[in-house]
Amino acid sequence: RLGRIFVFEGQSVAAGAPLAEIYAPEYISAENELLLARKFRDAAGSDAALAADGNDSYRAAADHLRALGASEDDIARLERSGRAEQYLVVRAPISGVVTQRSADPGGYLNIGDTLMTLADTSALWLNFDTYDGDYAALRLGQALKFGTASLPGEQFQGSVAFIAPAVDPATHTLTVRCDIANAGMRLRPGMFVSGRLQTGTAPAWVVPQSAVLHVRDRDYLYLADGGHYRRVEVHGQAVDGGFAVASGIDGSLPVVSEGAVLLQQQDEAGPQG
């Protein structure tokens with residue numbers, strides 16, 4: 001049966017800090033077992049056989065208490081007082097944040113029940129999806145810079161630690177996970193973020209977004225060629241303020257930055273007259 005609970009959801013705790021106390025007759029019996037084993041060990045005197053049996057009984061009783069959740073400090077305190085405590089104090093196994101409390105004072109716990117959940121939020125995972133076409137550019141260890149609307153103006157960073165081995169058949173995306181150091185505890189699990197993954201560098205021609213036509217998952221530009229306009233397929237990606245063209249043009253002809261949609265419509269309509 002649960003006695004007092006010392007923490008609440010959202011509270012940060014250090015490893016070893018008391019979380020709750022539990023009244024368990026089995027724990028009280030184990031404490032008395034240790035006290036009796038110590039008395040038997042101390043009474044063995046110079047008899048080697050009895051001393052060995054006493055030591056074995058004492059170690060077995062101490063191990064039983066540890067298995068029930070007693071710490072070394074709990075055992076030492078029991079030996080000093082010589083009196084069984086009525087409650088087992090449950091302590092935090094790690095430093096972290098109480099993310100869920102599953103029981104209330106006075107409630108009963110069965111074997112396998114969850115008392116509460118702790119999470120170490122000093123290190124977080126950031127999961128995001130990429131298009132399967134980006135797979136060739138992804139590498140473990142690549143740097144990610146990102147921000148969140150919850151903390152405007154702040155920038156964070158991490159590195160790629162896992163790339164999914166298969167593409168999601170429903171979305172045709174590839175899941176990537178980054179490890180994020182969160183020493184300041186500014187980031188919280190469940191936050192939405194946006195960022196940029198540095199996959200490498202390459203020379204590119206940057207053109208206005210208005211110059212790019214997106215047709216059936218392909219990108220096109222119109223080039224001014226001696227009084228005529230020629231459409232060419234290009235490969236690249238959107239960047240801040242424009243579109244970086246990695247291949248498809250060589251810079252020898254001017255790019256039509258405005259009116260590309262009108263030129264496309266004229267091409268589809270065919271020659272007039």
# chains A, B, ... in the order shown; residues from 1 in each chain; ligands from 1
call {"tool": "closest_atom_pairs", "arguments": {"of": "range 97-142 of chain A", "to": "range 184-206 of chain A", "cutoff": "8 Å", "atoms": "only C-alpha atoms", "output": "tab-separated table"}}
result
residue	atom	partner	partner_atom	distance
A:Thr121	CA	A:Met185	CA	6.9
A:Ser122	CA	A:Met185	CA	6.3
A:Leu124	CA	A:Pro189	CA	7.4
A:Ala137	CA	A:Thr199	CA	6.0
A:Leu138	CA	A:Thr199	CA	6.4
A:Arg139	CA	A:Thr199	CA	7.5
A:Gln142	CA	A:Gln198	CA	6.5
call {"tool": "select_by_dssp", "arguments": {"residues": "range 109-156 of chain A", "states": "strand (DSSP E)", "output": "list in words"}}
result
Met116, Thr117, Leu118, Ala119, Ala123, Leu124, Trp125, Leu126, Asn127, Phe128, Asp129, Thr130, Tyr131, Ala143, Leu144, Lys145, Phe146, Gly147 and Phe156 of chain A
call {"tool": "write_last_selection", "arguments": {"atoms": "N, CA and C atoms", "output": "PDB file, in the first residue's frame"}}
result
ATOM      1  N   MET A 116       5.453   5.395 -11.096  1.00  0.00           N
ATOM      2  CA  MET A 116       5.611   6.646 -11.824  1.00  0.00           C
ATOM      3  C   MET A 116       6.673   6.452 -12.892  1.00  0.00           C
ATOM      4  N   THR A 117       6.737   7.402 -13.803  1.00  0.00           N
ATOM      5  CA  THR A 117       7.685   7.334 -14.911  1.00  0.00           C
ATOM      6  C   THR A 117       8.626   8.523 -14.838  1.00  0.00           C
ATOM      7  N   LEU A 118       9.932   8.225 -14.929  1.00  0.00           N
ATOM      8  CA  LEU A 118      10.961   9.258 -14.950  1.00  0.00           C
ATOM      9  C   LEU A 118      11.606   9.280 -16.328  1.00  0.00           C
ATOM     10  N   ALA A 119      11.957  10.453 -16.792  1.00  0.00           N
ATOM     11  CA  ALA A 119      12.650  10.594 -18.077  1.00  0.00           C
ATOM     12  C   ALA A 119      13.839  11.528 -17.899  1.00  0.00           C
ATOM     13  N   ALA A 123      19.152  14.706 -22.557  1.00  0.00           N
ATOM     14  CA  ALA A 123      19.455  14.302 -23.933  1.00  0.00           C
ATOM     15  C   ALA A 123      18.146  13.860 -24.575  1.00  0.00           C
ATOM     16  N   LEU A 124      17.832  14.411 -25.744  1.00  0.00           N
ATOM     17  CA  LEU A 124      16.564  14.133 -26.409  1.00  0.00           C
ATOM     18  C   LEU A 124      16.802  13.566 -27.802  1.00  0.00           C
ATOM     19  N   TRP A 125      15.776  12.946 -28.333  1.00  0.00           N
ATOM     20  CA  TRP A 125      15.773  12.504 -29.730  1.00  0.00           C
ATOM     21  C   TRP A 125      14.885  13.445 -30.528  1.00  0.00           C
ATOM     22  N   LEU A 126      15.358  13.820 -31.699  1.00  0.00           N
ATOM     23  CA  LEU A 126      14.560  14.603 -32.634  1.00  0.00           C
ATOM     24  C   LEU A 126      14.334  13.749 -33.869  1.00  0.00           C
ATOM     25  N   ASN A 127      13.078  13.460 -34.166  1.00  0.00           N
ATOM     26  CA  ASN A 127      12.731  12.642 -35.323  1.00  0.00           C
ATOM     27  C   ASN A 127      12.131  13.509 -36.428  1.00  0.00           C
ATOM     28  N   PHE A 128      12.584  13.288 -37.646  1.00  0.00           N
ATOM     29  CA  PHE A 128      11.988  13.994 -38.774  1.00  0.00           C
ATOM     30  C   PHE A 128      11.984  13.082 -39.993  1.00  0.00           C
ATOM     31  N   ASP A 129      11.152  13.425 -40.948  1.00  0.00           N
ATOM     32  CA  ASP A 129      11.008  12.616 -42.162  1.00  0.00           C
ATOM     33  C   ASP A 129      11.605  13.358 -43.350  1.00  0.00           C
ATOM     34  N   THR A 130      12.285  12.622 -44.201  1.00  0.00           N
ATOM     35  CA  THR A 130      12.835  13.177 -45.429  1.00  0.00           C
ATOM     36  C   THR A 130      12.285  12.379 -46.604  1.00  0.00           C
ATOM     37  N   TYR A 131      12.309  12.980 -47.786  1.00  0.00           N
ATOM     38  CA  TYR A 131      11.884  12.254 -48.981  1.00  0.00           C
ATOM     39  C   TYR A 131      12.911  11.186 -49.324  1.00  0.00           C
ATOM     40  N   ALA A 143      25.467  17.450 -39.180  1.00  0.00           N
ATOM     41  CA  ALA A 143      25.010  18.458 -38.215  1.00  0.00           C
ATOM     42  C   ALA A 143      23.628  18.986 -38.590  1.00  0.00           C
ATOM     43  N   LEU A 144      22.807  19.186 -37.578  1.00  0.00           N
ATOM     44  CA  LEU A 144      21.470  19.752 -37.751  1.00  0.00           C
ATOM     45  C   LEU A 144      21.355  20.995 -36.897  1.00  0.00           C
ATOM     46  N   LYS A 145      20.863  22.073 -37.477  1.00  0.00           N
ATOM     47  CA  LYS A 145      20.538  23.289 -36.742  1.00  0.00           C
ATOM     48  C   LYS A 145      19.039  23.509 -36.823  1.00  0.00           C
ATOM     49  N   PHE A 146      18.425  23.848 -35.698  1.00  0.00           N
ATOM     50  CA  PHE A 146      16.962  23.969 -35.698  1.00  0.00           C
ATOM     51  C   PHE A 146      16.510  24.961 -34.638  1.00  0.00           C
ATOM     52  N   GLY A 147      15.258  25.334 -34.751  1.00  0.00           N
ATOM     53  CA  GLY A 147      14.622  26.214 -33.778  1.00  0.00           C
ATOM     54  C   GLY A 147      13.179  25.780 -33.573  1.00  0.00           C
ATOM     55  N   PHE A 156      19.327  25.725 -31.815  1.00  0.00           N
ATOM     56  CA  PHE A 156      19.868  24.525 -31.191  1.00  0.00           C
ATOM     57  C   PHE A 156      20.534  23.670 -32.270  1.00  0.00           C
TER      58      PHE A 156
END
call {"tool": "select_by_dssp", "arguments": {"residues": "range 7-250 of chain A", "states": "helix (DSSP H, G or I)", "output": "NGL selection string"}}
result
:A and (25-42 or 48-68 or 72-81 or 132-137 or 209-211)
call {"tool": "atom_distance", "arguments": {"atom1": "CA of Leu115 in chain A", "atom2": "CA of Ala62 in chain A"}}
result
23.9 Å
call {"tool": "closest_residue", "arguments": {"among": "A:Val89, A:Ser81, A:Glu31, A:Ser159", "to": "Leu19 in chain A", "atoms": "only C-alpha atoms"}}
result
A:Val89
call {"tool": "closest_atom_pairs", "arguments": {"of": "range 1-36 of chain A", "to": "range 94-114 of chain A", "cutoff": "6 Å", "atoms": "only C-alpha atoms", "output": "tab-separated table"}}
result
residue	atom	partner	partner_atom	distance
A:Arg1	CA	A:Tyr108	CA	4.5
A:Leu2	CA	A:Gly106	CA	5.0
A:Gly3	CA	A:Pro105	CA	5.3
A:Arg4	CA	A:Pro105	CA	5.6
A:Glu9	CA	A:Val98	CA	5.0
A:Gly10	CA	A:Val98	CA	5.2
A:Gln11	CA	A:Val98	CA	5.5
A:Ser12	CA	A:Val97	CA	4.3
A:Val13	CA	A:Gly96	CA	5.6
A:Ala14	CA	A:Ser95	CA	4.2
A:Ala15	CA	A:Ile94	CA	4.3
call {"tool": "write_last_selection", "arguments": {"atoms": "N, CA, C and O atoms", "output": "mmCIF file, in the first residue's frame"}}
result
data_model
loop_
_atom_site.group_PDB
_atom_site.id
_atom_site.type_symbol
_atom_site.label_atom_id
_atom_site.label_comp_id
_atom_site.auth_asym_id
_atom_site.auth_seq_id
_atom_site.Cartn_x
_atom_site.Cartn_y
_atom_site.Cartn_z
ATOM 1 N N ARG A 1 0.846 -1.197 0.000
ATOM 2 C CA ARG A 1 0.000 0.000 0.000
ATOM 3 C C ARG A 1 0.880 1.245 0.000
ATOM 4 O O ARG A 1 1.885 1.302 0.706
ATOM 5 N N LEU A 2 0.484 2.213 -0.787
ATOM 6 C CA LEU A 2 1.244 3.455 -0.873
ATOM 7 C C LEU A 2 1.002 4.335 0.347
ATOM 8 O O LEU A 2 -0.143 4.501 0.789
ATOM 9 N N GLY A 3 2.094 4.878 0.873
ATOM 10 C CA GLY A 3 1.985 5.881 1.913
ATOM 11 C C GLY A 3 2.069 7.257 1.283
ATOM 12 O O GLY A 3 1.276 7.609 0.414
ATOM 13 N N ARG A 4 3.067 8.003 1.670
ATOM 14 C CA ARG A 4 3.237 9.340 1.110
ATOM 15 C C ARG A 4 3.922 9.295 -0.257
ATOM 16 O O ARG A 4 4.716 8.402 -0.532
ATOM 17 N N GLU A 9 4.022 15.410 -10.882
ATOM 18 C CA GLU A 9 4.356 15.381 -12.304
ATOM 19 C C GLU A 9 4.998 16.699 -12.727
ATOM 20 O O GLU A 9 4.553 17.775 -12.351
ATOM 21 N N GLY A 10 6.063 16.568 -13.529
ATOM 22 C CA GLY A 10 6.786 17.742 -13.989
ATOM 23 C C GLY A 10 7.936 18.141 -13.099
ATOM 24 O O GLY A 10 8.723 19.023 -13.458
ATOM 25 N N GLN A 11 8.061 17.521 -11.937
ATOM 26 C CA GLN A 11 9.132 17.885 -11.002
ATOM 27 C C GLN A 11 10.447 17.232 -11.420
ATOM 28 O O GLN A 11 10.494 16.069 -11.820
ATOM 29 N N SER A 12 11.541 17.971 -11.306
ATOM 30 C CA SER A 12 12.879 17.437 -11.564
ATOM 31 C C SER A 12 13.409 16.799 -10.286
ATOM 32 O O SER A 12 13.261 17.358 -9.189
ATOM 33 N N VAL A 13 14.017 15.627 -10.418
ATOM 34 C CA VAL A 13 14.551 14.918 -9.257
ATOM 35 C C VAL A 13 15.968 14.461 -9.563
ATOM 36 O O VAL A 13 16.344 14.257 -10.724
ATOM 37 N N ALA A 14 16.758 14.308 -8.516
ATOM 38 C CA ALA A 14 18.119 13.796 -8.646
ATOM 39 C C ALA A 14 18.135 12.309 -8.344
ATOM 40 O O ALA A 14 17.254 11.796 -7.626
ATOM 41 N N ALA A 15 19.100 11.617 -8.894
ATOM 42 C CA ALA A 15 19.231 10.191 -8.628
ATOM 43 C C ALA A 15 19.364 9.962 -7.120
ATOM 44 O O ALA A 15 20.136 10.635 -6.438
#
call {"tool": "residues_around", "arguments": {"residues": "Ala260 in chain A", "least_positions_apart": "2", "cutoff": "7 Å", "atoms": "only C-alpha atoms", "output": "ChimeraX atom specification"}}
result
/A:211,213,222,256,258,262-264
call {"tool": "atom_distance", "arguments": {"atom1": "CA of Pro18 in chain A", "atom2": "CA of Ser57 in chain A"}}
result
28.9 Å
call {"tool": "atom_distance", "arguments": {"atom1": "CA of Glu33 in chain A", "atom2": "CA of Glu79 in chain A"}}
result
11.7 Å
call {"tool": "closest_residue", "arguments": {"among": "A:Leu151, A:Ala37, A:Ala244, A:Gly251", "to": "Ala60 in chain A", "atoms": "only C-alpha atoms"}}
result
A:Ala37
call {"tool": "residues_around", "arguments": {"residues": "Leu253 in chain A", "least_positions_apart": "3", "cutoff": "12 Å", "atoms": "only C-alpha atoms", "output": "list in words"}}
result
Leu221, Tyr222, Leu223, Ala224, Asp225, Gly226, Gly227, His228, Tyr229, Arg230, Arg231, Val232, Gly248, Ile249, Asp250 and Val256 of chain A
call {"tool": "closest_residue", "arguments": {"among": "A:Glu72, A:Glu154, A:Glu26, A:Asp219", "to": "Gln86 in chain A", "atoms": "only C-alpha atoms"}}
result
A:Glu26
call {"tool": "residues_around", "arguments": {"residues": "Ile163 in chain A", "least_positions_apart": "5", "cutoff": "7 Å", "atoms": "only C-alpha atoms", "output": "list in words"}}
result
Thr175, Val176 and Arg177 of chain A
call {"tool": "decode", "arguments": {"residues": "range 78-115 of chain A", "atoms": "N, CA, C and O atoms", "output": "mmCIF file, in the first residue's frame"}}
result
data_model
loop_
_atom_site.group_PDB
_atom_site.id
_atom_site.type_symbol
_atom_site.label_atom_id
_atom_site.label_comp_id
_atom_site.auth_asym_id
_atom_site.auth_seq_id
_atom_site.Cartn_x
_atom_site.Cartn_y
_atom_site.Cartn_z
ATOM 1 N N LEU A 78 19.245 0.557 8.881
ATOM 2 C CA LEU A 78 18.595 -0.525 9.609
ATOM 3 C C LEU A 78 19.562 -1.143 10.622
ATOM 4 O O LEU A 78 19.175 -1.427 11.773
ATOM 5 N N GLU A 79 20.798 -1.320 10.215
ATOM 6 C CA GLU A 79 21.778 -1.908 11.129
ATOM 7 C C GLU A 79 22.072 -0.974 12.304
ATOM 8 O O GLU A 79 22.256 -1.428 13.430
ATOM 9 N N ARG A 80 22.111 0.317 12.029
ATOM 10 C CA ARG A 80 22.390 1.254 13.117
ATOM 11 C C ARG A 80 21.247 1.313 14.122
ATOM 12 O O ARG A 80 21.456 1.373 15.332
ATOM 13 N N SER A 81 20.012 1.325 13.604
ATOM 14 C CA SER A 81 18.863 1.468 14.501
ATOM 15 C C SER A 81 18.469 0.151 15.167
ATOM 16 O O SER A 81 17.960 0.141 16.290
ATOM 17 N N GLY A 82 18.697 -0.960 14.464
ATOM 18 C CA GLY A 82 18.287 -2.254 14.998
ATOM 19 C C GLY A 82 16.790 -2.431 15.030
ATOM 20 O O GLY A 82 16.275 -3.324 15.717
ATOM 21 N N ARG A 83 16.055 -1.620 14.283
ATOM 22 C CA ARG A 83 14.591 -1.667 14.307
ATOM 23 C C ARG A 83 14.061 -1.586 12.878
ATOM 24 O O ARG A 83 14.491 -0.740 12.086
ATOM 25 N N ALA A 84 13.142 -2.467 12.537
ATOM 26 C CA ALA A 84 12.589 -2.517 11.181
ATOM 27 C C ALA A 84 11.737 -1.284 10.916
ATOM 28 O O ALA A 84 10.921 -0.884 11.752
ATOM 29 N N GLU A 85 11.947 -0.669 9.751
ATOM 30 C CA GLU A 85 11.115 0.452 9.321
ATOM 31 C C GLU A 85 9.799 -0.073 8.759
ATOM 32 O O GLU A 85 9.740 -1.148 8.161
ATOM 33 N N GLN A 86 8.739 0.707 8.936
ATOM 34 C CA GLN A 86 7.424 0.271 8.482
ATOM 35 C C GLN A 86 7.215 0.512 6.983
ATOM 36 O O GLN A 86 6.344 -0.109 6.373
ATOM 37 N N TYR A 87 8.013 1.396 6.411
ATOM 38 C CA TYR A 87 7.826 1.744 5.003
ATOM 39 C C TYR A 87 9.136 1.606 4.235
ATOM 40 O O TYR A 87 10.218 1.947 4.740
ATOM 41 N N LEU A 88 9.031 1.125 3.022
ATOM 42 C CA LEU A 88 10.145 1.121 2.081
ATOM 43 C C LEU A 88 10.107 2.421 1.300
ATOM 44 O O LEU A 88 9.080 2.772 0.706
ATOM 45 N N VAL A 89 11.213 3.154 1.313
ATOM 46 C CA VAL A 89 11.299 4.406 0.566
ATOM 47 C C VAL A 89 11.777 4.086 -0.848
ATOM 48 O O VAL A 89 12.861 3.520 -1.038
ATOM 49 N N VAL A 90 10.965 4.427 -1.830
ATOM 50 C CA VAL A 90 11.328 4.234 -3.236
ATOM 51 C C VAL A 90 12.095 5.467 -3.690
ATOM 52 O O VAL A 90 11.615 6.595 -3.557
ATOM 53 N N ARG A 91 13.285 5.246 -4.246
ATOM 54 C CA ARG A 91 14.153 6.352 -4.641
ATOM 55 C C ARG A 91 14.340 6.385 -6.156
ATOM 56 O O ARG A 91 14.191 5.364 -6.838
ATOM 57 N N ALA A 92 14.658 7.561 -6.657
ATOM 58 C CA ALA A 92 14.832 7.731 -8.107
ATOM 59 C C ALA A 92 16.085 6.996 -8.573
ATOM 60 O O ALA A 92 17.172 7.233 -8.048
ATOM 61 N N PRO A 93 15.946 6.104 -9.557
ATOM 62 C CA PRO A 93 17.129 5.395 -10.065
ATOM 63 C C PRO A 93 18.017 6.261 -10.945
ATOM 64 O O PRO A 93 19.190 5.964 -11.134
ATOM 65 N N ILE A 94 17.455 7.335 -11.496
ATOM 66 C CA ILE A 94 18.207 8.249 -12.362
ATOM 67 C C ILE A 94 17.785 9.677 -12.054
ATOM 68 O O ILE A 94 16.756 9.910 -11.409
ATOM 69 N N SER A 95 18.571 10.629 -12.503
ATOM 70 C CA SER A 95 18.150 12.029 -12.455
ATOM 71 C C SER A 95 17.254 12.305 -13.657
ATOM 72 O O SER A 95 17.523 11.823 -14.761
ATOM 73 N N GLY A 96 16.199 13.049 -13.460
ATOM 74 C CA GLY A 96 15.298 13.324 -14.571
ATOM 75 C C GLY A 96 14.065 14.079 -14.123
ATOM 76 O O GLY A 96 14.049 14.736 -13.084
ATOM 77 N N VAL A 97 13.020 13.945 -14.927
ATOM 78 C CA VAL A 97 11.756 14.636 -14.689
ATOM 79 C C VAL A 97 10.652 13.598 -14.538
ATOM 80 O O VAL A 97 10.612 12.607 -15.281
ATOM 81 N N VAL A 98 9.765 13.816 -13.570
ATOM 82 C CA VAL A 98 8.617 12.923 -13.395
ATOM 83 C C VAL A 98 7.610 13.242 -14.500
ATOM 84 O O VAL A 98 6.971 14.295 -14.491
ATOM 85 N N THR A 99 7.493 12.358 -15.470
ATOM 86 C CA THR A 99 6.596 12.605 -16.596
ATOM 87 C C THR A 99 5.196 12.041 -16.363
ATOM 88 O O THR A 99 4.245 12.474 -17.003
ATOM 89 N N GLN A 100 5.084 11.086 -15.440
ATOM 90 C CA GLN A 100 3.749 10.519 -15.168
ATOM 91 C C GLN A 100 3.740 9.916 -13.772
ATOM 92 O O GLN A 100 4.688 9.241 -13.364
ATOM 93 N N ARG A 101 2.661 10.161 -13.037
ATOM 94 C CA ARG A 101 2.448 9.530 -11.739
ATOM 95 C C ARG A 101 1.207 8.663 -11.853
ATOM 96 O O ARG A 101 0.126 9.152 -12.155
ATOM 97 N N SER A 102 1.383 7.358 -11.612
ATOM 98 C CA SER A 102 0.318 6.400 -11.920
ATOM 99 C C SER A 102 -0.456 5.944 -10.699
ATOM 100 O O SER A 102 -1.343 5.094 -10.824
ATOM 101 N N ALA A 103 -0.139 6.420 -9.519
ATOM 102 C CA ALA A 103 -0.841 5.983 -8.310
ATOM 103 C C ALA A 103 -0.945 7.157 -7.349
ATOM 104 O O ALA A 103 -0.195 8.137 -7.440
ATOM 105 N N ASP A 104 -1.872 7.042 -6.400
ATOM 106 C CA ASP A 104 -2.104 8.085 -5.401
ATOM 107 C C ASP A 104 -1.877 7.522 -4.008
ATOM 108 O O ASP A 104 -1.954 6.295 -3.792
ATOM 109 N N PRO A 105 -1.608 8.385 -3.020
ATOM 110 C CA PRO A 105 -1.428 7.900 -1.646
ATOM 111 C C PRO A 105 -2.627 7.075 -1.187
ATOM 112 O O PRO A 105 -3.781 7.417 -1.452
ATOM 113 N N GLY A 106 -2.325 5.968 -0.524
ATOM 114 C CA GLY A 106 -3.374 5.075 -0.050
ATOM 115 C C GLY A 106 -3.756 3.996 -1.035
ATOM 116 O O GLY A 106 -4.485 3.057 -0.681
ATOM 117 N N GLY A 107 -3.284 4.124 -2.263
ATOM 118 C CA GLY A 107 -3.597 3.109 -3.267
ATOM 119 C C GLY A 107 -2.752 1.862 -3.085
ATOM 120 O O GLY A 107 -1.769 1.830 -2.338
ATOM 121 N N TYR A 108 -3.134 0.799 -3.798
ATOM 122 C CA TYR A 108 -2.444 -0.479 -3.693
ATOM 123 C C TYR A 108 -1.701 -0.751 -4.998
ATOM 124 O O TYR A 108 -2.188 -0.432 -6.089
ATOM 125 N N LEU A 109 -0.527 -1.341 -4.856
ATOM 126 C CA LEU A 109 0.290 -1.714 -6.007
ATOM 127 C C LEU A 109 0.473 -3.220 -6.035
ATOM 128 O O LEU A 109 0.735 -3.841 -4.997
ATOM 129 N N ASN A 110 0.332 -3.791 -7.215
ATOM 130 C CA ASN A 110 0.624 -5.198 -7.422
ATOM 131 C C ASN A 110 1.954 -5.342 -8.143
ATOM 132 O O ASN A 110 2.484 -4.384 -8.724
ATOM 133 N N ILE A 111 2.494 -6.532 -8.135
ATOM 134 C CA ILE A 111 3.747 -6.783 -8.832
ATOM 135 C C ILE A 111 3.570 -6.459 -10.312
ATOM 136 O O ILE A 111 2.632 -6.913 -10.961
ATOM 137 N N GLY A 112 4.459 -5.634 -10.839
ATOM 138 C CA GLY A 112 4.383 -5.239 -12.243
ATOM 139 C C GLY A 112 3.701 -3.914 -12.479
ATOM 140 O O GLY A 112 3.770 -3.376 -13.587
ATOM 141 N N ASP A 113 3.031 -3.368 -11.448
ATOM 142 C CA ASP A 113 2.376 -2.068 -11.604
ATOM 143 C C ASP A 113 3.418 -0.956 -11.688
ATOM 144 O O ASP A 113 4.504 -1.049 -11.100
ATOM 145 N N THR A 114 3.070 0.106 -12.396
ATOM 146 C CA THR A 114 3.949 1.266 -12.521
ATOM 147 C C THR A 114 3.578 2.305 -11.486
ATOM 148 O O THR A 114 2.419 2.717 -11.399
ATOM 149 N N LEU A 115 4.547 2.717 -10.691
ATOM 150 C CA LEU A 115 4.326 3.755 -9.691
ATOM 151 C C LEU A 115 4.381 5.132 -10.344
ATOM 152 O O LEU A 115 3.482 5.954 -10.190
#
